[in-house]
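**Q** Compact mmCIF, C-alpha atoms and all ligand atoms, saved as data39.txt, coming up:
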# COMPACT_ATOMS: atom_id res chain seq x y z
CA MET M 1 111.06 135.55 122.33
CA ALA M 2 114.34 134.86 124.15
CA PHE M 3 114.18 132.76 127.30
CA ASN M 4 116.60 133.20 130.23
CA PHE M 5 117.36 130.17 132.36
CA THR M 6 119.07 130.39 135.77
CA PRO M 7 120.09 126.96 137.06
CA LEU M 8 119.60 125.93 140.66
CA ILE M 9 119.34 122.42 142.14
CA SER M 10 118.58 122.34 145.83
CA GLN M 11 118.31 118.62 146.72
CA GLU M 12 120.47 115.54 146.22
CA GLN M 13 118.15 112.57 145.58
CA PHE M 14 115.39 112.68 143.00
CA HIS M 15 112.83 110.21 141.81
CA ILE M 16 111.33 111.21 138.47
CA THR M 17 108.10 109.35 137.73
CA SER M 18 106.74 111.58 134.97
CA ILE M 19 108.98 111.09 131.92
CA PRO M 20 106.32 111.13 129.18
CA GLY M 21 105.44 108.24 126.86
CA ASP M 22 107.65 107.12 124.00
CA LYS M 23 107.23 109.32 120.92
CA SER M 24 108.06 106.66 118.33
CA ILE M 25 105.73 104.10 119.93
CA SER M 26 102.92 106.65 120.36
CA HIS M 27 102.93 107.47 116.62
CA ARG M 28 102.86 103.75 115.79
CA ALA M 29 100.10 103.08 118.34
CA ILE M 30 97.76 105.53 116.58
CA ILE M 31 98.66 104.28 113.10
CA ILE M 32 98.52 100.53 113.73
CA ALA M 33 95.45 100.62 116.00
CA SER M 34 93.61 102.75 113.40
CA LEU M 35 94.23 100.02 110.79
CA ALA M 36 93.19 97.16 113.08
CA ASP M 37 89.76 95.55 112.78
CA ASN M 38 88.88 96.11 116.46
CA LYS M 39 89.30 98.48 119.41
CA SER M 40 92.61 99.34 121.15
CA GLN M 41 93.39 101.31 124.30
CA PHE M 42 96.75 102.76 125.31
CA THR M 43 98.11 104.18 128.56
CA GLY M 44 101.21 106.37 128.53
CA PHE M 45 100.44 107.86 125.10
CA LEU M 46 102.63 110.94 124.55
CA LEU M 47 100.37 114.00 124.56
CA SER M 48 102.90 116.20 122.74
CA GLU M 49 102.34 118.29 119.61
CA ASP M 50 103.95 115.72 117.27
CA CYS M 51 101.84 112.77 118.42
CA LEU M 52 98.65 114.80 118.75
CA ASN M 53 99.09 115.81 115.10
CA THR M 54 99.27 112.13 114.09
CA LEU M 55 96.16 111.47 116.19
CA GLN M 56 94.29 114.32 114.51
CA ILE M 57 95.32 113.12 111.05
CA PHE M 58 93.76 109.70 111.68
CA GLN M 59 90.60 111.42 112.92
CA GLN M 60 90.57 113.33 109.61
CA LEU M 61 90.90 109.95 107.88
CA GLY M 62 87.69 108.83 109.57
CA VAL M 63 88.98 106.95 112.64
CA SER M 64 87.21 107.44 115.97
CA ILE M 65 89.88 108.28 118.59
CA SER M 66 89.25 109.70 122.05
CA ILE M 67 91.41 110.70 125.03
CA ASN M 68 89.97 110.41 128.54
CA LYS M 69 90.56 113.81 130.17
CA ASP M 70 91.29 112.37 133.63
CA THR M 71 93.09 109.07 132.98
CA LYS M 72 94.65 110.11 129.62
CA LEU M 73 93.66 106.67 128.30
CA VAL M 74 93.54 106.76 124.48
CA THR M 75 90.81 104.68 122.81
CA ILE M 76 90.97 103.93 119.09
CA GLN M 77 88.22 102.17 117.16
CA GLY M 78 90.16 100.64 114.26
CA VAL M 79 88.60 100.77 110.79
CA GLY M 80 90.55 97.88 109.22
CA LEU M 81 92.90 97.99 106.23
CA THR M 82 90.19 99.16 103.85
CA GLY M 83 88.32 101.57 106.10
CA LEU M 84 90.19 104.89 105.87
CA GLN M 85 88.22 107.76 104.31
CA ALA M 86 89.32 110.66 102.14
CA PRO M 87 90.22 113.69 104.29
CA ASP M 88 88.35 116.88 103.47
CA SER M 89 91.38 119.12 104.10
CA PRO M 90 95.19 118.87 103.86
CA LEU M 91 96.91 116.84 106.57
CA ASP M 92 99.37 118.67 108.84
CA VAL M 93 102.10 116.84 110.80
CA GLY M 94 103.48 120.04 112.38
CA ASN M 95 107.18 119.48 113.13
CA SER M 96 107.13 115.68 112.92
CA GLY M 97 109.40 113.90 110.45
CA THR M 98 108.20 110.57 111.82
CA GLY M 99 104.59 111.61 111.27
CA ILE M 100 105.00 112.61 107.63
CA ARG M 101 107.23 109.68 106.63
CA LEU M 102 105.13 106.96 108.29
CA ILE M 103 101.74 108.32 107.26
CA THR M 104 102.75 108.91 103.63
CA GLY M 105 103.42 105.16 103.31
CA ILE M 106 99.75 104.56 104.13
CA LEU M 107 98.30 107.40 102.07
CA ALA M 108 100.24 106.22 99.01
CA MET M 109 98.26 102.95 99.05
CA GLN M 110 94.74 104.49 99.31
CA GLN M 111 92.19 104.93 96.57
CA PHE M 112 91.64 108.61 97.41
CA GLU M 113 93.60 111.81 96.96
CA SER M 114 95.34 113.47 99.91
CA SER M 115 97.89 116.14 100.65
CA ILE M 116 100.30 116.14 103.60
CA SER M 117 102.73 118.75 104.89
CA GLY M 118 104.00 120.40 108.06
CA ASP M 119 105.78 123.43 109.44
CA HIS M 120 108.65 125.39 107.90
CA SER M 121 111.24 122.81 109.05
CA ILE M 122 109.25 119.85 107.63
CA GLN M 123 109.08 121.58 104.25
CA LYS M 124 112.88 121.51 104.13
CA ARG M 125 113.36 117.90 105.22
CA PRO M 126 114.22 115.30 102.58
CA MET M 127 111.34 113.03 101.53
CA LYS M 128 113.14 111.57 98.50
CA ARG M 129 114.12 108.65 100.75
CA ILE M 130 110.44 107.61 100.98
CA VAL M 131 109.08 109.03 97.72
CA GLU M 132 111.52 107.04 95.54
CA PRO M 133 110.69 103.56 96.89
CA LEU M 134 106.97 104.38 97.11
CA ARG M 135 107.07 105.39 93.43
CA GLU M 136 108.82 102.10 92.75
CA MET M 137 105.75 100.46 94.33
CA GLY M 138 103.61 102.35 91.80
CA ALA M 139 102.50 105.22 94.08
CA ILE M 140 101.66 108.58 92.52
CA ILE M 141 103.22 111.32 94.62
CA ALA M 142 104.00 114.91 93.66
CA GLY M 143 106.25 117.12 95.77
CA ASN M 144 106.26 120.89 95.97
CA GLU M 145 106.62 122.98 92.82
CA ALA M 146 110.34 123.69 93.14
CA ASP M 147 111.37 120.15 94.03
CA ASP M 148 109.40 117.05 93.31
CA THR M 149 110.09 115.29 96.60
CA TYR M 150 109.81 118.02 99.28
CA PRO M 151 106.51 118.63 101.16
CA PRO M 152 103.71 119.44 100.62
CA LEU M 153 103.24 115.98 99.12
CA THR M 154 100.13 115.37 97.02
CA ILE M 155 99.18 111.73 96.72
CA SER M 156 96.80 110.46 94.02
CA PRO M 157 95.13 107.06 93.77
CA ALA M 158 97.26 104.59 91.81
CA GLN M 159 95.91 101.75 89.65
CA HIS M 160 98.91 99.44 89.75
CA LEU M 161 100.60 98.98 93.09
CA ASN M 162 103.14 96.23 93.67
CA PRO M 163 105.34 95.00 96.54
CA ILE M 164 109.10 95.56 96.20
CA SER M 165 112.36 94.29 97.58
CA TYR M 166 114.28 97.31 98.82
CA LEU M 167 117.72 97.95 100.31
CA LEU M 168 117.51 101.05 102.50
CA PRO M 169 120.24 103.53 101.50
CA MET M 170 120.52 104.56 105.18
CA ALA M 171 119.62 102.87 108.49
CA SER M 172 116.37 104.79 108.98
CA ALA M 173 113.46 103.47 111.02
CA GLN M 174 111.21 106.10 109.44
CA VAL M 175 111.88 104.86 105.90
CA LYS M 176 111.69 101.21 106.98
CA SER M 177 108.36 101.83 108.73
CA CYS M 178 106.93 103.82 105.82
CA LEU M 179 107.58 100.89 103.48
CA LEU M 180 106.34 98.26 105.95
CA PHE M 181 103.11 100.23 106.34
CA ALA M 182 102.77 100.47 102.55
CA GLY M 183 103.43 96.71 102.31
CA LEU M 184 100.46 96.03 104.61
CA PHE M 185 98.12 96.96 101.75
CA LEU M 186 99.80 94.93 99.00
CA LYS M 187 99.31 91.28 98.06
CA GLY M 188 102.65 89.46 98.19
CA GLU M 189 105.93 90.05 99.98
CA THR M 190 107.52 93.44 100.58
CA THR M 191 111.13 92.86 101.65
CA ILE M 192 113.16 95.57 103.36
CA THR M 193 116.88 95.18 104.00
CA GLN M 194 118.42 97.61 106.48
CA PRO M 195 122.17 98.34 106.25
CA ALA M 196 122.37 98.37 110.06
CA ILE M 197 119.94 97.76 112.90
CA CYS M 198 117.69 100.71 113.70
CA ARG M 199 114.71 101.04 116.05
CA ASP M 200 112.23 98.18 115.65
CA HIS M 201 109.01 99.47 117.25
CA THR M 202 107.07 99.02 114.00
CA GLU M 203 108.05 95.36 113.67
CA ILE M 204 107.20 94.74 117.36
CA MET M 205 103.77 96.34 117.25
CA LEU M 206 102.81 94.94 113.84
CA THR M 207 103.75 91.46 115.06
CA ALA M 208 101.68 91.98 118.24
CA TYR M 209 98.76 92.95 115.98
CA GLN M 210 99.13 89.64 114.07
CA ALA M 211 100.61 91.07 110.86
CA ASN M 212 102.33 88.51 108.63
CA LEU M 213 105.86 89.78 109.29
CA THR M 214 109.17 88.01 109.71
CA THR M 215 112.58 89.39 110.62
CA ASN M 216 115.79 87.59 109.73
CA HIS M 217 118.90 89.57 110.71
CA ASN M 218 118.67 92.73 108.61
CA HIS M 219 115.83 91.53 106.36
CA ILE M 220 112.21 92.20 107.18
CA VAL M 221 109.45 90.64 105.09
CA ILE M 222 105.81 91.68 105.31
CA THR M 223 103.07 89.86 103.44
CA GLY M 224 100.21 92.28 102.96
CA SER M 225 96.43 92.03 102.91
CA THR M 226 96.49 90.23 106.26
CA PRO M 227 94.07 91.95 108.70
CA LEU M 228 95.53 93.61 111.80
CA HIS M 229 93.91 92.64 115.08
CA ASN M 230 94.53 93.78 118.64
CA PRO M 231 94.67 90.61 120.77
CA PHE M 232 94.81 92.45 124.12
CA SER M 233 91.67 92.92 126.19
CA LYS M 234 93.47 95.32 128.57
CA PRO M 235 95.01 98.72 127.71
CA ILE M 236 98.51 98.49 126.21
CA THR M 237 101.29 100.30 128.13
CA ILE M 238 103.49 102.69 126.17
CA PRO M 239 106.70 102.96 128.23
CA ALA M 240 108.34 106.30 129.04
CA ASP M 241 110.53 107.65 126.26
CA PHE M 242 114.19 106.66 126.58
CA SER M 243 115.29 109.65 124.49
CA SER M 244 113.45 112.05 126.83
CA ALA M 245 114.84 110.23 129.88
CA SER M 246 118.36 110.57 128.46
CA PHE M 247 118.45 114.29 129.36
CA PHE M 248 118.00 113.44 133.05
CA ILE M 249 120.25 110.35 132.81
CA VAL M 250 123.09 112.59 131.65
CA LEU M 251 122.21 115.30 134.20
CA GLY M 252 122.50 112.78 137.05
CA LEU M 253 125.93 111.68 135.81
CA ILE M 254 127.51 115.07 135.17
CA HIS M 255 126.05 117.05 138.06
CA PRO M 256 128.57 116.96 140.91
CA THR M 257 126.23 115.89 143.71
CA ILE M 258 122.93 114.30 142.67
CA THR M 259 121.40 110.83 142.27
CA ILE M 260 118.38 110.41 140.01
CA THR M 261 116.02 107.45 139.61
CA LEU M 262 113.73 107.48 136.56
CA SER M 263 110.68 105.19 136.52
CA LYS M 264 109.39 102.85 133.80
CA ILE M 265 111.73 103.93 131.03
CA GLY M 266 111.59 102.01 127.74
CA ILE M 267 114.75 99.92 127.36
CA ASN M 268 114.19 98.35 123.93
CA PRO M 269 117.79 97.42 122.91
CA THR M 270 117.40 99.35 119.63
CA ARG M 271 116.82 102.51 121.67
CA SER M 272 118.78 102.34 124.93
CA LYS M 273 122.38 101.79 123.75
CA LEU M 274 123.32 105.21 125.10
CA LEU M 275 123.50 103.44 128.47
CA ASP M 276 126.31 101.17 127.15
CA VAL M 277 128.18 104.17 125.73
CA LEU M 278 127.91 106.04 129.05
CA ILE M 279 128.95 102.94 131.03
CA ALA M 280 132.00 102.62 128.75
CA MET M 281 132.74 106.25 129.72
CA GLY M 282 132.66 105.29 133.42
CA ALA M 283 129.03 106.05 134.29
CA ASP M 284 127.42 104.64 137.44
CA ILE M 285 124.06 103.36 136.13
CA THR M 286 121.82 100.62 137.52
CA LEU M 287 118.60 99.13 136.18
CA SER M 288 115.88 97.70 138.42
CA ASN M 289 112.27 96.49 138.20
CA GLN M 290 112.69 95.25 134.61
CA THR M 291 109.27 94.49 133.11
CA MET M 292 108.16 93.21 129.73
CA GLU M 293 104.81 94.13 128.19
CA ILE M 294 104.61 94.86 124.46
CA GLU M 295 108.06 96.50 124.93
CA PRO M 296 110.53 96.21 127.86
CA TYR M 297 110.92 98.93 130.50
CA ALA M 298 112.80 99.43 133.77
CA ASP M 299 113.72 101.96 136.44
CA ILE M 300 117.11 103.58 135.80
CA THR M 301 119.26 105.04 138.59
CA VAL M 302 122.20 107.29 137.79
CA ARG M 303 124.78 108.71 140.18
CA SER M 304 127.29 111.51 139.76
CA SER M 305 130.26 109.95 137.89
CA SER M 306 133.67 110.89 136.67
CA LEU M 307 133.43 110.36 132.89
CA THR M 308 136.16 109.77 130.31
CA ASN M 309 135.39 110.35 126.64
CA ILE M 310 135.62 107.56 124.06
CA THR M 311 135.44 106.96 120.32
CA VAL M 312 131.88 105.82 119.69
CA ASP M 313 131.60 102.72 117.50
CA GLU M 314 129.96 103.70 114.18
CA SER M 315 127.68 100.65 114.29
CA LEU M 316 125.93 102.20 117.32
CA ILE M 317 125.18 105.52 115.63
CA PRO M 318 121.75 104.63 114.11
CA ILE M 319 120.47 103.42 117.49
CA ILE M 320 121.77 106.37 119.53
CA ILE M 321 121.05 108.97 116.84
CA ASP M 322 118.55 111.00 118.91
CA GLU M 323 120.79 110.95 122.00
CA ILE M 324 123.91 112.36 120.33
CA PRO M 325 123.17 116.00 121.34
CA ILE M 326 122.92 115.07 125.03
CA LEU M 327 125.89 112.68 124.68
CA ALA M 328 127.90 115.69 123.46
CA VAL M 329 126.88 117.50 126.65
CA ALA M 330 128.16 114.52 128.68
CA GLY M 331 131.37 114.80 126.61
CA MET M 332 131.77 118.47 127.61
CA PHE M 333 131.96 117.40 131.26
CA ALA M 334 134.28 114.41 130.65
CA SER M 335 138.04 114.18 130.32
CA GLY M 336 139.70 113.06 127.08
CA THR M 337 138.41 113.10 123.51
CA MET M 338 134.99 112.03 122.18
CA THR M 339 134.87 111.06 118.52
CA ILE M 340 131.58 110.68 116.69
CA SER M 341 131.74 109.60 113.03
CA GLY M 342 129.35 107.96 110.57
CA ALA M 343 126.60 110.29 111.82
CA GLN M 344 125.83 112.25 108.63
CA GLU M 345 122.11 111.59 109.25
CA LEU M 346 122.28 114.11 112.11
CA ARG M 347 122.30 116.83 109.46
CA TYR M 348 118.75 115.88 108.36
CA LYS M 349 116.94 116.02 111.71
CA GLU M 350 114.76 118.84 113.09
CA SER M 351 117.89 120.94 112.50
CA ASP M 352 121.38 120.26 111.18
CA ARG M 353 122.32 118.72 114.51
CA ILE M 354 126.06 118.50 113.82
CA LYS M 355 126.09 122.27 113.27
CA GLN M 356 123.90 122.94 116.31
CA ILE M 357 125.98 120.65 118.58
CA VAL M 358 129.13 122.49 117.50
CA HIS M 359 127.42 125.81 118.26
CA LEU M 360 126.22 124.56 121.66
CA VAL M 361 129.63 123.27 122.75
CA GLN M 362 131.35 126.44 121.56
CA ALA M 363 128.77 128.61 123.33
CA PHE M 364 129.91 126.95 126.58
CA GLN M 365 133.56 127.62 125.53
CA GLY M 366 134.15 123.91 124.88
CA HIS M 367 136.50 122.62 122.17
CA ILE M 368 134.94 120.87 119.22
CA GLN M 369 135.93 120.18 115.62
CA GLU M 370 133.16 119.79 113.04
CA HIS M 371 133.37 116.97 110.47
CA ASP M 372 130.96 116.13 107.62
CA ASP M 373 129.77 113.04 109.45
CA GLY M 374 130.34 113.94 113.11
CA PHE M 375 132.67 115.79 115.44
CA ILE M 376 135.67 115.51 117.75
CA LEU M 377 135.05 117.00 121.18
CA THR M 378 137.61 117.65 123.90
CA GLY M 379 135.50 119.26 126.60
CA GLY M 380 137.08 122.35 128.09
CA LEU M 381 133.96 123.86 129.65
CA ALA M 382 134.63 127.38 131.03
CA PRO M 383 132.39 129.67 133.15
CA THR M 384 130.33 131.76 130.75
CA THR M 385 126.78 133.01 130.14
CA PRO M 386 126.06 131.56 126.70
CA ILE M 387 123.37 132.56 124.25
CA ILE M 388 122.05 129.42 122.56
CA GLU M 389 120.53 129.26 119.09
CA THR M 390 118.26 126.22 119.09
CA ALA M 391 117.29 126.31 115.38
CA PHE M 392 113.85 125.39 116.79
CA ASP M 393 115.20 121.93 117.66
CA HIS M 394 113.76 120.43 120.88
CA ARG M 395 116.75 118.17 121.55
CA ILE M 396 119.24 121.04 121.20
CA ALA M 397 117.19 123.27 123.54
CA MET M 398 116.91 120.55 126.22
CA SER M 399 120.61 119.63 125.91
CA ALA M 400 121.57 123.27 126.51
CA ILE M 401 119.36 123.48 129.60
CA ILE M 402 120.94 120.31 131.04
CA ALA M 403 124.43 121.75 130.42
CA SER M 404 123.32 124.90 132.24
CA LEU M 405 121.94 122.96 135.21
CA ALA M 406 125.07 120.84 135.56
CA SER M 407 127.53 123.70 135.13
CA GLY M 408 125.63 126.35 137.07
CA CYS M 409 125.99 128.75 134.08
CA PRO M 410 122.84 130.79 133.36
CA ILE M 411 121.92 130.70 129.65
CA THR M 412 119.70 132.52 127.18
CA LEU M 413 117.89 130.47 124.51
CA ASP M 414 116.29 131.97 121.40
CA THR M 415 113.17 129.83 121.95
CA ILE M 416 111.88 127.03 124.14
CA ASP M 417 108.58 126.47 122.29
CA CYS M 418 110.08 123.57 120.32
CA ILE M 419 110.34 121.48 123.52
CA LYS M 420 106.55 120.97 123.38
CA THR M 421 106.94 118.80 120.27
CA SER M 422 108.30 115.91 122.36
CA PHE M 423 108.45 116.73 126.07
CA PRO M 424 105.53 118.90 127.22
CA ASN M 425 106.32 118.59 130.97
CA PHE M 426 110.10 119.11 130.70
CA PHE M 427 109.99 122.30 132.79
CA ASP M 428 107.71 120.73 135.42
CA ILE M 429 110.43 118.12 136.02
CA ILE M 430 113.13 120.81 136.08
CA ASP M 431 111.01 122.75 138.62
CA GLY M 432 110.78 119.56 140.70
CA LEU M 433 114.59 119.54 140.96
CA GLY M 434 114.33 122.55 143.23
C1 LIG U 1 112.29 107.73 114.43
C2 LIG U 1 113.40 107.38 113.71
C3 LIG U 1 114.65 108.17 113.70
C4 LIG U 1 114.67 109.17 114.83
C5 LIG U 1 113.37 109.91 114.99
C6 LIG U 1 112.26 108.92 115.28
C7 LIG U 1 111.10 106.86 114.36
O1 LIG U 1 114.73 108.86 112.47
O2 LIG U 1 115.72 110.10 114.64
O3 LIG U 1 113.44 110.85 116.03
O4 LIG U 1 110.21 106.99 115.23
O5 LIG U 1 111.05 106.02 113.45
P1 LIG U 1 115.38 108.22 111.14
O6 LIG U 1 114.54 107.11 110.70
O7 LIG U 1 115.38 109.34 110.13
O8 LIG U 1 116.76 107.81 111.54
In structure tokens, what does this structure look like?
Ligand code: S3P

**A**
Amino acid sequence: MAFNFTPLISQEQFHITSIPGDKSISHRAIIIASLADNKSQFTGFLLSEDCLNTLQIFQQLGVSISINKDTKLVTIQGVGLTGLQAPDSPLDVGNSGTGIRLITGILAMQQFESSISGDHSIQKRPMKRIVEPLREMGAIIAGNEADDTYPPLTISPAQHLNPISYLLPMASAQVKSCLLFAGLFLKGETTITQPAICRDHTEIMLTAYQANLTTNHNHIVITGSTPLHNPFSKPITIPADFSSASFFIVLGLIHPTITITLSKIGINPTRSKLLDVLIAMGADITLSNQTMEIEPYADITVRSSSLTNITVDESLIPIIIDEIPILAVAGMFASGTMTISGAQELRYKESDRIKQIVHLVQAFQGHIQEHDDGFILTGGLAPTTPIIETAFDHRIAMSAIIASLASGCPITLDTIDCIKTSFPNFFDIIDGLG
């Protein structure tokens, strides 16, 4: 059903304290705590469809996990590396690429059969990138009938599993994490080399849980069969999701009159480089109350700024990959030319994000040129009432709504349901803006 959005912001100073928990860390919290030999508790767990699907999958695999209705504290009673049980029905990740890629690494090492899939979009997302190296480790995985690597994936117990040394063909944290999780179950060293730095939440949490893992520049080595153990007696804080915060960071910069402070936002350097890109564009951004728990977080204040577009360094692309749709919105409101290249991976996300960014910018009458691996954007926003096709992609839908709020142009979106996959209270925050 189409959704009409009429933008109106009535105040000038906002303090947003309810950006939800980090999606990447929430998935890893469920996975790693389930494999630990003791209990873990988490605050700030993201209660969105994607992460709740991961939670339910580990319940199907025999792990006791509960969520306190009032405090939202998540308690996981880990079963250890050998304690998972065969599920009695197929596992469903919904829309989550992170869910399917990370969990398949674990299923591939179990001595029971399982099957894992997700929604229509998941069934079209490439799994060859994990299936190939897992097969190299000896895993037995069959893809759907038409193509051997697309979901549903059926995983059978394998007799001979071995660690490998693997150079990732792309800088993907999902592939890296899948193989590190597989390596947890294998005697000997699994070595992963990443072509460029990408998010490191798996390495951070595995290290906190006493895994035998070392990182040396782009090489990560995990020695398996070492038990995972939660050393913390108190609940572990999952910081607010930087990628979700980025919608309101950009809104504060491009809206002509407002100042926004966002509380306790994760600022892991492999996630928050959008801030550097925006500062290079002239953004007024300050960080305060920096705190370090298992991951660093801080309050971020953004003020209305006059932005100038830049050419984004290709080496930053893997660590700003999820923020490129909202960066393009910032580019629509900036002067000069924004060039994004080396971002082919955008075509394999919840939608073909290069195509959807081009559609979004053009719907607002902006000027954009599509390239195989990116785009060149020269702003040129004109008053209009665009109709936005989201391709059921949460980040495209939220980017369009931010562009509408900042420009004052009402919009129509084909759906907003996809936003629930990562940001269930997005509209509550928008309502709070007046
Ligand atoms: C994620 C890794 C990234 C990112 C995704 C979450 C993760 O994907 O786009 O939203 O949690 O590991 P790739 O590994 O495919 O780059």

**Q** Counting only C-alpha atoms and all ligand atoms, which protein, DNA or RNA residues come within 8 Å of ligand LIG 1 (chain U), given as number ranges by chain?

**A** M: 23-25, 27, 97-98, 102, 171-177, 198-199, 201, 318, 321-322, 345, 348-349

**Q** If you count all atoms listed in the file, which residues fall within 10 Å of Lys39 in chain M, apart from same-chain ones fewer than 6 positions away, as a list in words?

**A**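 Within the cut-off, the hits are Ala33, Ser64, Ile65, Thr75, Ile76, Gln77, Gly78, Val79, His229, Asn230, Pro231, Phe232 and Ser233 of chain M.
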
**Q** Taking 3 positions as the minimum chain separation for residues in the same chain, which residues sit within 9 Å of Ile222 in chain M when counting all atoms listed in the file? Answer as a compact mmCIF listing (two decimals) with C-alpha atoms, keeping the file's coordinate frame.

**A**
# COMPACT_ATOMS: atom_id res chain seq x y z
CA LEU M 180 106.34 98.26 105.95
CA GLY M 183 103.43 96.71 102.31
CA LEU M 184 100.46 96.03 104.61
CA GLY M 188 102.65 89.46 98.19
CA GLU M 189 105.93 90.05 99.98
CA THR M 190 107.52 93.44 100.58
CA THR M 191 111.13 92.86 101.65
CA ILE M 192 113.16 95.57 103.36
CA ALA M 211 100.61 91.07 110.86
CA ASN M 212 102.33 88.51 108.63
CA LEU M 213 105.86 89.78 109.29
CA THR M 214 109.17 88.01 109.71
CA THR M 215 112.58 89.39 110.62

**Q** Rounded to one decimal in Å, what is the spacing between CA of Glu132 in chain M and CA of Arg347 in chain M?

**A**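 Interatomic distance here is 20.1 Å.
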
**Q** Please compute the CA of Leu287 in chain M-CA of Leu307 in chain M distance, one decimal, in Å.

**A**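 Computed distance, CA of Leu287 in chain M to CA of Leu307 in chain M, equals 18.9 Å.
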
**Q** Contacts of Arg271 in chain M at 8 Å or less, counting only C-alpha atoms, minus same-chain residues fewer than 4 places along, as JSON, numbers by chain?

**A** {"M": [199, 242, 243, 267, 319, 320]}

**Q** Which residues, protein or nucleic acid, reach to within 12 Å of (98.0, 95.1, 104.3) in the file's coordinates when using all atoms listed in the file, and can you give that as an MDAnalysis selection string?

**A** chainID M and resid 32 35:37 80:83 105:106 109:110 162:163 179:190 206 209:213 222:229

**Q** Pick from M:Ser304, M:Asn268, M:Asn216, M:Ser117: nearest to Ala283 in chain M, with all atoms listed in the file counted?

**A**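 Once distances to Ala283 in chain M are computed over all atoms listed in the file, the minimum belongs to M:Ser304.
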
**Q** Using only C-alpha atoms for the distances, tell me which of M:Ile116, M:Ile130, M:Ala334, M:Met292 is nearest to Ile310 in chain M.

**A**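 The shortest atom-to-atom distance to Ile310 in chain M comes from M:Ala334.
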
**Q** Between CA of Thr390 in chain M and CA of Leu360 in chain M, what is the spacing in Å?

**A** 8.5 Å

**Q** Using all atoms listed in the file, which residues of range 214-320 of chain M come within 12 Å of range 374-384 of chain M, and what is the closest atom pair for each, with the distance in Å to one decimal? Give it as CSV, sorted by chain and residue number.

**A**
residue,atom,partner,partner_atom,distance
M:Leu307,CA,M:Gly379,CA,11.1
M:Thr308,CA,M:Gly379,CA,10.2
M:Asn309,CA,M:Thr378,CA,8.1
M:Ile310,CA,M:Leu377,CA,9.9
M:Thr311,CA,M:Ile376,CA,8.9
M:Val312,CA,M:Gly374,CA,10.6
M:Glu314,CA,M:Gly374,CA,10.3
M:Ile317,CA,M:Gly374,CA,10.2

**Q** Restricting the calculation to all atoms listed in the file, which member of M:Asp299, M:Asp431, M:Asp92, M:Asp313 is positioned closest to Gln56 in chain M?

**A**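 When distances to Gln56 in chain M are compared using all atoms listed in the file, the smallest one comes from M:Asp92.
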
**Q** With distances taken over all atoms listed in the file, which of M:Leu61, M:Arg129, M:Glu350, M:Glu12 is nearest to Ser96 in chain M?

**A**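 Using all atoms listed in the file, the shortest distance to Ser96 in chain M belongs to M:Glu350.
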